[in-house]
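Below is the file work_13.cif, which contains mmCIF, C-alpha atoms.
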data_model
loop_
_atom_site.label_atom_id
_atom_site.label_comp_id
_atom_site.auth_asym_id
_atom_site.auth_seq_id
_atom_site.Cartn_x
_atom_site.Cartn_y
_atom_site.Cartn_z
CA MET A 13 28.84 -34.47 8.86
CA ALA A 14 28.72 -33.97 5.09
CA ILE A 15 28.48 -30.39 3.80
CA LYS A 16 28.38 -29.31 0.18
CA VAL A 17 30.37 -26.09 -0.24
CA ARG A 18 29.97 -23.85 -3.27
CA PHE A 19 31.79 -20.71 -4.38
CA PHE A 20 30.57 -18.29 -7.01
CA ALA A 21 32.06 -15.64 -9.29
CA SER A 22 35.33 -14.07 -8.07
CA LEU A 23 35.39 -16.36 -4.99
CA ARG A 24 35.18 -19.40 -7.24
CA GLU A 25 38.16 -18.12 -9.21
CA GLN A 26 40.15 -17.17 -6.08
CA THR A 27 39.60 -20.48 -4.30
CA GLY A 28 39.72 -22.54 -7.46
CA ILE A 29 36.67 -24.36 -6.08
CA SER A 30 33.27 -24.44 -7.72
CA ARG A 31 31.67 -27.13 -5.55
CA LYS A 32 33.19 -29.47 -3.01
CA GLN A 33 31.93 -32.09 -0.55
CA ILE A 34 33.43 -31.55 2.93
CA ALA A 35 33.49 -33.83 5.98
CA ALA A 36 32.86 -30.92 8.31
CA ASP A 37 33.09 -32.74 11.64
CA GLY A 38 33.88 -30.34 14.49
CA LEU A 39 32.79 -27.26 12.55
CA GLU A 40 29.85 -25.27 13.94
CA THR A 41 29.16 -22.17 11.88
CA VAL A 42 29.45 -21.09 8.26
CA SER A 43 32.41 -18.93 9.37
CA ASP A 44 34.17 -22.04 10.70
CA LEU A 45 33.52 -23.76 7.39
CA TRP A 46 34.96 -20.84 5.41
CA LEU A 47 38.08 -20.81 7.61
CA ALA A 48 38.54 -24.57 7.24
CA VAL A 49 38.32 -24.41 3.45
CA THR A 50 40.10 -21.13 2.64
CA GLU A 51 42.48 -20.87 5.64
CA ALA A 52 41.52 -17.20 6.08
CA PRO A 53 38.84 -15.45 8.19
CA LEU A 54 35.46 -14.78 6.56
CA ASP A 55 35.40 -11.29 5.05
CA GLU A 56 32.35 -9.21 6.00
CA THR A 57 31.60 -8.38 2.36
CA THR A 58 31.21 -12.08 1.53
CA LEU A 59 27.61 -13.26 1.28
CA VAL A 60 26.59 -16.67 2.60
CA ALA A 61 23.57 -18.80 1.72
CA VAL A 62 22.61 -22.11 3.28
CA ASN A 63 20.26 -24.24 1.22
CA LYS A 64 19.73 -21.19 -1.04
CA THR A 65 18.68 -18.84 1.75
CA TYR A 66 20.82 -15.93 2.99
CA VAL A 67 22.30 -16.46 6.47
CA GLY A 68 24.61 -14.57 8.81
CA PRO A 69 28.24 -15.55 9.61
CA ASP A 70 27.22 -17.35 12.83
CA TYR A 71 24.65 -19.61 11.20
CA GLN A 72 25.00 -23.19 12.49
CA ILE A 73 25.57 -25.77 9.79
CA THR A 74 23.98 -29.21 9.93
CA ASP A 75 24.53 -32.45 8.07
CA GLY A 76 23.54 -32.27 4.40
CA ASP A 77 23.58 -28.49 4.13
CA GLU A 78 24.56 -26.77 0.89
CA VAL A 79 26.64 -23.74 1.90
CA ALA A 80 27.38 -21.13 -0.77
CA PHE A 81 29.82 -18.22 -0.52
CA PHE A 82 29.74 -15.34 -2.95
CA PRO A 83 30.84 -11.73 -3.44
CA PRO A 84 28.45 -8.75 -3.56
CA ILE A 85 25.91 -9.31 -6.31
CA THR A 86 25.90 -7.26 -9.50
CA GLY A 87 22.81 -8.19 -11.47
CA GLY A 88 20.16 -6.03 -13.12
CA MET B 14 -9.93 45.95 -27.70
CA ALA B 15 -10.51 42.58 -29.41
CA ILE B 16 -10.14 39.44 -27.31
CA LYS B 17 -10.65 35.89 -28.48
CA VAL B 18 -12.32 33.87 -25.71
CA ARG B 19 -12.30 30.06 -25.67
CA PHE B 20 -13.96 27.54 -23.40
CA PHE B 21 -13.04 23.86 -23.16
CA ALA B 22 -14.67 20.64 -21.98
CA SER B 23 -17.47 21.05 -19.40
CA LEU B 24 -17.15 24.87 -19.50
CA ARG B 25 -17.73 24.83 -23.25
CA GLU B 26 -20.89 22.81 -22.72
CA GLN B 27 -22.08 24.96 -19.80
CA THR B 28 -21.55 28.28 -21.59
CA GLY B 29 -22.52 26.96 -24.99
CA ILE B 30 -19.46 28.81 -26.30
CA SER B 31 -16.46 27.18 -27.97
CA ARG B 32 -14.78 30.35 -29.23
CA LYS B 33 -16.01 33.93 -29.41
CA GLN B 34 -14.54 37.29 -30.40
CA ILE B 35 -15.27 39.95 -27.71
CA ALA B 36 -14.95 43.74 -27.84
CA ALA B 37 -13.56 43.84 -24.33
CA ASP B 38 -13.32 47.60 -23.87
CA GLY B 39 -13.29 48.59 -20.20
CA LEU B 40 -12.26 45.09 -19.02
CA GLU B 41 -8.92 44.75 -17.25
CA THR B 42 -8.31 41.20 -16.04
CA VAL B 43 -9.20 37.69 -17.12
CA SER B 44 -11.63 37.63 -14.16
CA ASP B 45 -13.40 40.70 -15.58
CA LEU B 46 -13.61 38.97 -18.94
CA TRP B 47 -15.11 35.83 -17.41
CA LEU B 48 -17.70 37.91 -15.53
CA ALA B 49 -18.65 39.84 -18.67
CA VAL B 50 -19.15 36.66 -20.70
CA THR B 51 -20.71 34.30 -18.15
CA GLU B 52 -22.39 36.82 -15.80
CA ALA B 53 -20.99 34.93 -12.78
CA PRO B 54 -17.78 35.32 -10.74
CA LEU B 55 -14.74 33.27 -11.78
CA ASP B 56 -14.61 30.00 -9.83
CA GLU B 57 -11.24 29.23 -8.24
CA THR B 58 -11.13 25.74 -9.75
CA THR B 59 -11.32 27.20 -13.27
CA LEU B 60 -7.97 27.32 -15.09
CA VAL B 61 -7.07 30.26 -17.29
CA ALA B 62 -4.53 30.49 -20.10
CA VAL B 63 -3.62 33.59 -22.10
CA ASN B 64 -1.97 32.91 -25.44
CA LYS B 65 -1.58 29.26 -24.37
CA THR B 66 0.26 30.03 -21.11
CA TYR B 67 -1.28 29.55 -17.65
CA VAL B 68 -2.10 32.83 -15.85
CA GLY B 69 -3.68 33.83 -12.55
CA PRO B 70 -7.16 35.43 -12.16
CA ASP B 71 -5.73 38.96 -12.03
CA TYR B 72 -3.77 38.71 -15.26
CA GLN B 73 -4.25 41.87 -17.35
CA ILE B 74 -5.62 41.28 -20.83
CA THR B 75 -4.41 43.22 -23.84
CA ASP B 76 -5.67 43.68 -27.38
CA GLY B 77 -5.41 40.52 -29.49
CA ASP B 78 -5.09 38.07 -26.58
CA GLU B 79 -6.52 34.56 -26.81
CA VAL B 80 -8.00 33.81 -23.39
CA ALA B 81 -8.97 30.21 -22.60
CA PHE B 82 -11.02 29.00 -19.64
CA PHE B 83 -11.11 25.34 -18.68
CA PRO B 84 -11.91 22.95 -15.84
CA PRO B 85 -9.29 20.86 -13.98
CA ILE B 86 -7.41 18.73 -16.48
CA THR B 87 -7.84 14.95 -16.60
CA GLY B 88 -5.29 13.57 -19.08
CA GLY B 89 -2.84 10.70 -18.76
CA MET C 20 20.60 17.43 -29.48
CA ILE C 21 19.21 14.48 -27.60
CA PRO C 22 16.44 12.52 -29.34
CA VAL C 23 12.99 13.51 -28.05
CA ARG C 24 9.67 12.69 -29.65
CA ILE C 25 6.40 14.18 -28.40
CA GLU C 26 3.23 13.25 -30.24
CA LEU C 27 -0.56 13.42 -29.99
CA ARG C 28 -2.14 10.43 -31.71
CA LYS C 29 -5.72 10.17 -33.03
CA THR C 30 -5.66 6.39 -33.53
CA GLY C 31 -5.05 3.36 -31.31
CA PHE C 32 -1.51 2.31 -30.44
CA ASP C 33 0.33 -0.27 -28.34
CA GLY C 34 2.52 1.72 -25.94
CA PHE C 35 5.18 -0.98 -25.68
CA ALA C 36 5.37 -1.45 -29.46
CA GLU C 37 5.81 2.31 -29.82
CA VAL C 38 8.67 2.38 -27.30
CA GLN C 39 10.28 -0.60 -29.03
CA GLU C 40 10.01 1.11 -32.44
CA TYR C 41 11.23 4.42 -31.07
CA ARG C 42 14.32 2.81 -29.57
CA LYS C 43 15.32 1.60 -33.04
CA SER C 44 15.53 5.24 -34.12
CA ILE C 45 18.09 6.15 -31.44
CA PRO C 46 21.70 4.89 -31.49
CA ALA C 47 21.70 1.10 -31.06
CA VAL C 48 24.68 0.78 -28.77
CA SER C 49 24.73 3.93 -26.74
CA ASP C 50 25.51 5.09 -23.26
CA TYR C 51 22.01 4.33 -22.02
CA GLY C 52 21.78 1.49 -19.54
CA ALA C 53 18.30 2.17 -18.20
CA CYS C 54 14.86 2.91 -19.56
CA SER C 55 11.86 3.67 -17.40
CA ASN C 56 8.63 3.37 -19.28
CA PHE C 57 5.04 4.07 -18.28
CA VAL C 58 1.93 3.03 -20.19
CA GLY C 59 -1.52 4.22 -19.12
CA THR C 60 -4.48 2.24 -20.42
CA MET C 61 -8.23 2.97 -20.48
CA ARG C 62 -10.03 0.85 -17.90
CA GLU C 63 -13.48 -0.63 -18.53
CA TYR C 64 -14.75 0.53 -15.14
CA ASN C 65 -14.32 3.91 -13.45
CA GLN C 66 -15.87 4.93 -10.14
CA GLY C 67 -17.96 1.75 -10.19
CA ASP C 68 -19.51 2.37 -13.61
CA GLN C 69 -18.92 0.57 -16.86
CA VAL C 70 -17.43 2.96 -19.40
CA VAL C 71 -18.43 2.22 -22.98
CA SER C 72 -16.00 4.65 -24.57
CA MET C 73 -14.24 7.91 -23.81
CA TYR C 74 -13.52 11.16 -25.62
CA LEU C 75 -10.17 12.89 -24.99
CA GLU C 76 -10.40 16.63 -25.68
CA HIS C 77 -7.28 18.80 -25.80
CA TYR C 78 -6.27 22.40 -26.50
CA SER C 79 -4.46 22.24 -29.82
CA GLY C 80 -1.20 24.17 -29.58
CA MET C 81 -1.20 24.65 -25.84
CA THR C 82 -1.22 20.91 -25.11
CA GLU C 83 1.84 20.35 -27.30
CA GLU C 84 3.65 23.34 -25.75
CA GLN C 85 2.94 22.07 -22.24
CA LEU C 86 4.20 18.58 -23.09
CA GLU C 87 7.40 20.07 -24.51
CA ALA C 88 7.87 22.16 -21.37
CA ILE C 89 7.31 19.08 -19.17
CA VAL C 90 9.92 17.01 -21.02
CA GLY C 91 12.24 20.04 -21.09
CA LYS C 92 12.03 20.35 -17.32
CA ALA C 93 12.86 16.63 -16.91
CA GLN C 94 15.90 17.10 -19.18
CA ASN C 95 16.94 19.98 -16.96
CA ASP C 96 16.44 18.09 -13.69
CA TYR C 97 17.90 14.72 -14.73
CA GLU C 98 20.27 13.06 -17.14
CA VAL C 99 17.95 12.25 -20.05
CA LEU C 100 19.58 10.60 -23.06
CA ALA C 101 16.37 10.10 -25.05
CA ALA C 102 12.66 10.48 -24.39
CA LEU C 103 9.33 9.53 -25.94
CA LEU C 104 5.96 10.95 -24.92
CA LEU C 105 2.91 9.78 -26.82
CA HIS C 106 -0.66 10.72 -25.83
CA ARG C 107 -3.93 9.65 -27.36
CA ILE C 108 -6.61 12.19 -28.39
CA GLY C 109 -10.19 11.75 -29.63
CA GLU C 110 -12.36 8.64 -29.21
CA VAL C 111 -10.81 5.88 -27.04
CA GLN C 112 -12.10 2.36 -26.28
CA PRO C 113 -11.55 0.37 -23.07
CA GLY C 114 -8.28 -1.57 -23.16
CA GLU C 115 -6.63 0.96 -25.49
CA ASP C 116 -3.52 2.82 -24.38
CA ILE C 117 -3.88 6.51 -23.51
CA VAL C 118 -0.31 7.51 -22.75
CA ALA C 119 3.19 6.09 -23.21
CA ILE C 120 6.27 7.69 -21.68
CA ALA C 121 9.81 6.34 -21.97
CA VAL C 122 13.00 7.92 -20.66
CA TRP C 123 16.49 6.58 -21.30
CA SER C 124 19.37 7.40 -19.01
CA THR C 125 22.77 5.95 -18.09
CA HIS C 126 21.52 4.64 -14.75
CA ARG C 127 18.13 3.69 -13.32
CA LYS C 128 17.81 6.47 -10.74
CA ASP C 129 17.47 9.27 -13.27
CA ALA C 130 15.38 7.17 -15.66
CA PHE C 131 12.82 6.31 -12.95
CA ALA C 132 12.67 9.83 -11.52
CA ALA C 133 12.36 11.56 -14.90
CA CYS C 134 9.61 9.19 -16.10
CA ARG C 135 7.68 9.61 -12.87
CA ASP C 136 8.02 13.41 -12.90
CA ILE C 137 6.90 13.64 -16.53
CA MET C 138 3.81 11.55 -15.73
CA GLU C 139 2.93 13.65 -12.66
CA ALA C 140 3.43 16.92 -14.53
CA LEU C 141 1.34 15.65 -17.45
CA LYS C 142 -1.49 14.76 -15.06
CA SER C 143 -1.43 18.21 -13.45
CA THR C 144 -0.54 20.68 -16.24
CA ALA C 145 -1.19 19.25 -19.73
CA PRO C 146 -4.62 20.35 -21.04
CA PHE C 147 -6.55 17.14 -21.68
CA TRP C 148 -10.11 16.42 -20.61
CA LYS C 149 -11.84 13.06 -20.50
CA LYS C 150 -15.54 12.63 -21.20
CA GLU C 151 -16.81 9.16 -20.40
CA GLN C 152 -19.69 7.56 -22.28
CA LEU C 153 -21.51 5.33 -19.80
CA GLN C 154 -24.38 3.06 -20.81
CA ASN C 155 -27.10 5.64 -20.13
CA GLU C 156 -25.26 8.96 -19.83
CA ASP C 157 -22.13 10.97 -20.56
CA ARG C 158 -19.97 12.59 -17.89
CA TRP C 159 -16.80 14.63 -17.67
CA VAL C 160 -14.14 13.13 -15.41
CA LYS C 161 -13.83 15.59 -12.52
CA ASN C 162 -10.11 15.67 -11.78
CA ASN C 163 -6.86 13.75 -11.55
CA SER C 164 -5.65 12.84 -8.07
CA PRO C 165 -2.01 13.80 -7.49
CA GLY C 166 0.38 10.87 -7.32
CA GLN C 167 -2.26 8.14 -7.57
CA MET D 26 -4.12 -16.11 -8.91
CA ILE D 27 -2.69 -13.02 -10.55
CA PRO D 28 -0.56 -13.56 -13.65
CA VAL D 29 3.18 -13.48 -12.83
CA ARG D 30 6.01 -14.62 -15.07
CA ILE D 31 9.60 -14.84 -13.84
CA GLU D 32 12.21 -16.10 -16.24
CA LEU D 33 15.97 -16.39 -16.75
CA ARG D 34 16.84 -16.19 -20.42
CA LYS D 35 20.03 -17.47 -22.09
CA THR D 36 19.47 -15.67 -25.40
CA GLY D 37 19.01 -12.04 -26.46
CA PHE D 38 15.63 -10.36 -26.12
CA ASP D 39 14.00 -6.98 -26.66
CA GLY D 40 12.57 -5.96 -23.27
CA PHE D 41 9.74 -3.91 -24.76
CA ALA D 42 8.74 -6.66 -27.20
CA GLU D 43 8.64 -9.10 -24.28
CA VAL D 44 6.37 -6.81 -22.25
CA GLN D 45 4.14 -6.29 -25.29
CA GLU D 46 3.89 -10.06 -25.86
CA TYR D 47 3.32 -10.79 -22.19
CA ARG D 48 0.46 -8.30 -22.02
CA LYS D 49 -1.34 -10.28 -24.74
CA SER D 50 -1.40 -13.25 -22.36
CA ILE D 51 -3.23 -11.36 -19.60
CA PRO D 52 -6.91 -10.29 -19.91
CA ALA D 53 -7.21 -7.74 -22.74
CA VAL D 54 -9.70 -5.39 -21.11
CA SER D 55 -9.00 -5.58 -17.43
CA ASP D 56 -8.91 -3.36 -14.41
CA TYR D 57 -5.35 -2.30 -15.03
CA GLY D 58 -4.91 1.33 -15.97
CA ALA D 59 -1.19 1.63 -15.39
CA CYS D 60 1.98 -0.25 -16.25
CA SER D 61 5.41 0.74 -15.05
CA ASN D 62 8.15 -0.94 -16.99
CA PHE D 63 11.93 -0.92 -16.59
CA VAL D 64 14.45 -2.18 -19.11
CA GLY D 65 18.15 -2.38 -18.26
CA THR D 66 20.56 -2.57 -21.18
CA MET D 67 24.26 -3.41 -21.39
CA ARG D 68 26.31 -0.30 -22.02
CA GLU D 69 29.38 -0.31 -24.25
CA TYR D 70 31.43 1.61 -21.68
CA ASN D 71 31.71 1.05 -17.94
CA GLN D 72 34.00 2.95 -15.60
CA GLY D 73 35.68 4.54 -18.59
CA ASP D 74 36.57 1.27 -20.31
CA GLN D 75 35.14 -0.24 -23.46
CA VAL D 76 33.43 -3.52 -22.66
CA VAL D 77 33.59 -6.08 -25.45
CA SER D 78 31.16 -8.52 -23.87
CA MET D 79 29.95 -9.63 -20.48
CA TYR D 80 29.23 -12.90 -18.72
CA LEU D 81 26.28 -13.06 -16.32
CA GLU D 82 26.73 -15.81 -13.73
CA HIS D 83 23.89 -16.85 -11.43
CA TYR D 84 23.16 -19.41 -8.70
CA SER D 85 20.72 -21.80 -10.31
CA GLY D 86 17.79 -22.40 -7.98
CA MET D 87 18.58 -19.65 -5.49
CA THR D 88 18.37 -16.88 -8.09
CA GLU D 89 14.89 -17.99 -9.16
CA GLU D 90 13.76 -18.31 -5.52
CA GLN D 91 15.03 -14.82 -4.73
CA LEU D 92 13.26 -13.34 -7.76
CA GLU D 93 10.02 -15.02 -6.71
CA ALA D 94 10.40 -13.66 -3.17
CA ILE D 95 11.08 -10.16 -4.55
CA VAL D 96 7.96 -10.16 -6.71
CA GLY D 97 5.99 -11.74 -3.85
CA LYS D 98 6.99 -8.90 -1.54
CA ALA D 99 5.88 -6.32 -4.12
CA GLN D 100 2.52 -8.12 -4.40
CA ASN D 101 2.25 -7.89 -0.64
CA ASP D 102 3.19 -4.21 -0.44
CA TYR D 103 1.21 -2.92 -3.44
CA GLU D 104 -1.76 -3.65 -5.64
CA VAL D 105 -0.16 -5.76 -8.38
CA LEU D 106 -2.54 -7.06 -11.07
CA ALA D 107 0.15 -8.71 -13.21
CA ALA D 108 3.93 -8.78 -13.31
CA LEU D 109 6.76 -9.83 -15.60
CA LEU D 110 10.40 -10.20 -14.57
CA LEU D 111 12.85 -11.35 -17.19
CA HIS D 112 16.63 -11.48 -16.61
CA ARG D 113 19.40 -12.41 -18.98
CA ILE D 114 22.05 -15.00 -18.06
CA GLY D 115 25.24 -16.13 -19.81
CA GLU D 116 27.11 -14.19 -22.51
CA VAL D 117 25.75 -10.68 -23.23
CA GLN D 118 26.80 -8.15 -25.89
CA PRO D 119 26.71 -4.34 -25.59
CA GLY D 120 23.30 -2.94 -26.53
CA GLU D 121 21.48 -6.12 -25.47
CA ASP D 122 18.87 -6.00 -22.74
CA ILE D 123 19.79 -7.48 -19.35
CA VAL D 124 16.58 -7.09 -17.39
CA ALA D 125 12.93 -6.26 -18.10
CA ILE D 126 10.41 -5.65 -15.33
CA ALA D 127 6.76 -4.73 -15.85
CA VAL D 128 4.09 -4.24 -13.20
CA TRP D 129 0.42 -3.62 -13.94
CA SER D 130 -1.85 -1.95 -11.42
CA THR D 131 -5.12 -0.01 -11.39
CA HIS D 132 -3.36 3.32 -10.83
CA ARG D 133 0.12 4.66 -11.48
CA LYS D 134 1.24 5.10 -7.88
CA ASP D 135 1.37 1.37 -7.10
CA ALA D 136 2.70 0.47 -10.55
CA PHE D 137 5.65 2.88 -10.25
CA ALA D 138 6.45 1.96 -6.64
CA ALA D 139 6.26 -1.80 -7.20
CA CYS D 140 8.43 -1.68 -10.34
CA ARG D 141 11.00 0.50 -8.58
CA ASP D 142 11.07 -1.72 -5.47
CA ILE D 143 11.45 -4.90 -7.54
CA MET D 144 14.39 -3.36 -9.40
CA GLU D 145 16.09 -2.19 -6.17
CA ALA D 146 15.58 -5.57 -4.48
CA LEU D 147 16.88 -7.39 -7.56
CA LYS D 148 20.03 -5.24 -7.51
CA SER D 149 20.64 -5.97 -3.83
CA THR D 150 19.47 -9.56 -3.22
CA ALA D 151 19.25 -11.59 -6.46
CA PRO D 152 22.43 -13.64 -6.98
CA PHE D 153 23.86 -12.49 -10.31
CA TRP D 154 27.46 -11.58 -11.01
CA LYS D 155 28.82 -9.71 -14.00
CA LYS D 156 32.21 -10.40 -15.48
CA GLU D 157 33.27 -7.87 -18.10
CA GLN D 158 35.53 -8.76 -21.00
CA LEU D 159 37.56 -5.65 -21.79
CA GLN D 160 39.91 -5.44 -24.76
CA ASN D 161 42.95 -6.69 -22.84
CA GLU D 162 41.60 -8.20 -19.64
CA ASP D 163 38.61 -9.61 -17.80
CA ARG D 164 37.22 -8.18 -14.57
CA TRP D 165 34.39 -8.86 -12.16
CA VAL D 166 32.08 -5.89 -11.57
CA LYS D 167 32.64 -4.97 -7.92
CA ASN D 168 29.16 -4.04 -6.67
CA ASN D 169 25.84 -2.39 -7.42
CA SER D 170 25.28 1.07 -5.94
CA PRO D 171 21.95 1.35 -4.13
CA GLY D 172 19.37 3.48 -5.93
CA GLN D 173 21.60 4.57 -8.80
#

Output the file's structure in the form of structure tokens.
Amino acid sequence: MAIKVRFFASLREQTGISRKQIAADGLETVSDLWLAVTEAPLDETTLVAVNKTYVGPDYQITDGDEVAFFPPITGG
Amino acid sequence: MAIKVRFFASLREQTGISRKQIAADGLETVSDLWLAVTEAPLDETTLVAVNKTYVGPDYQITDGDEVAFFPPITGG
Amino acid sequence: MIPVRIELRKTGFDGFAEVQEYRKSIPAVSDYGACSNFVGTMREYNQGDQVVSMYLEHYSGMTEEQLEAIVGKAQNDYEVLAALLLHRIGEVQPGEDIVAIAVWSTHRKDAFAACRDIMEALKSTAPFWKKEQLQNEDRWVKNNSPGQ
Amino acid sequence: MIPVRIELRKTGFDGFAEVQEYRKSIPAVSDYGACSNFVGTMREYNQGDQVVSMYLEHYSGMTEEQLEAIVGKAQNDYEVLAALLLHRIGEVQPGEDIVAIAVWSTHRKDAFAACRDIMEALKSTAPFWKKEQLQNEDRWVKNNSPGQ
């Protein structure tokens, strides 16, 4: 399946990836996706959104999803 | 002793008095003063200030005081 | 001395314009990161009746002293870097602003709390009285409800 | 439909001027008697360091949706007669405003609570990230402290 992965802020700089299309066959959750892309376990401070909605680390990804990873937010 | 009495808002209209100089000899408290001027007991909702500071009903008046009586405040 | 302005105003004002203007008088790039601002405006209807206009009576001298004490207490209780408190007196029309409060602080917690406390204290201890002119009669507003 | 404006802005603004302008677009004499307004401003110093400028990153699409959900929740929890939420994005200089929130209600209790809740929710759920340019290095701001 095709997943669009996005990283923001410090995670974008650390991974060197802003947005990337992934053939995520065999991956089930957003945690699996993170591990496949970064080769490290998902940190609990990292926030995850699928199709622009916050999800937990066990959220199941499906074909066409846009999955975004970002650090704690600092707006306002 | 000479006391300056002032009434504000609805109390000014009810008493017909805005400000009045009183020879308050024999009066001890602001409650006594109210009774002498209005011929009724001081209502507990009425606020009292002596020399522009809030006081309780038993506050002792002294020569030269400015004593103000007013209803609950409604600013803001 | 931190900048504080407390003022009773006889004529109409726009609360937000006043806060904007006041901010220009305090250091432009300062340590303040947060401003909590409250503007109270005269409504056209009160207790189900249309209010044509309103008269705001005060106790000259005592009202100013109370407002200073109220802002002083907020400065004591919170980090206040600058404050503005402006209150209308005299004849007021519906839609006109009655009160504007603005408190600057480093962070939002103190700014919000100080602004809120000043407003509550003003409603309960500053000598102002509202007389409403309805279409067929006048009436004194009875009292302010705490925290509403 | 109550008037609500939510906007991300790339260029500098004066939060109070924006609230003043916005108010002109809602009914002049309305039922609102109270407006609680918050303006957050970029400080020159953060964590002891002088900050030369700042970059505000956001997640286009999601940020707007989150802000709409935040204001929607406040409308659900409180009486909100009108609301403005304006947030800066991109390059920001010290002394410039970052966020302006204004909530109009009949009485002060709901106005204060809604404005405060919107600000807290924005700080905890709206995707924005601050990168500070110091004199010799850049750094990402680590996190927002709840309620501060």

Would you list which chain B residues are within 12 Å of chain C using all atoms listed in the file, as a ChimeraX atom specification?
-> /B:19-27,31-32,58-67,79-89

Distance query 12 Å from (-18.1, 37.7, -20.7) using only C-alpha atoms, result as a PyMOL selection string | chain B and resi 16-20+28+30+32-40+42-55+80-82

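Chain A and chain B, identical in sequence, superpose over all their Cα atoms with an RMSD of 0.0 Å.
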
Report the residues retrieved by the PyMOL selection byres ((chain D) within 8 of (chain C)) from the displayed file, expressed as a ChimeraX atom specification.
-> /D:39,41-42,44-45,53-70,119-120,132-135,137,141,172-173

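Taking atom CA of D:Val105 and atom CA of C:Ile25 as endpoints, the distance between them is 29.0 Å.
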
In Å, rounded to a single decimal, give me how far atom CA of D:Thr36 is from atom CA of C:Lys43.
->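 Calculated distance between atom CA of C:Lys43 and atom CA of D:Thr36 is 19.3 Å.
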
Give me, please, the distance in Å between atom CA of A:Glu56 and atom CA of D:Asp142, quoted to one decimal.
-> 25.3 Å

Would you kindly translate the PyMOL selection byres ((chain C and resi 24) around 8) into the concrete residues it picks from this file, as a ChimeraX atom specification?
-> /C:22-23,25-26,102-105
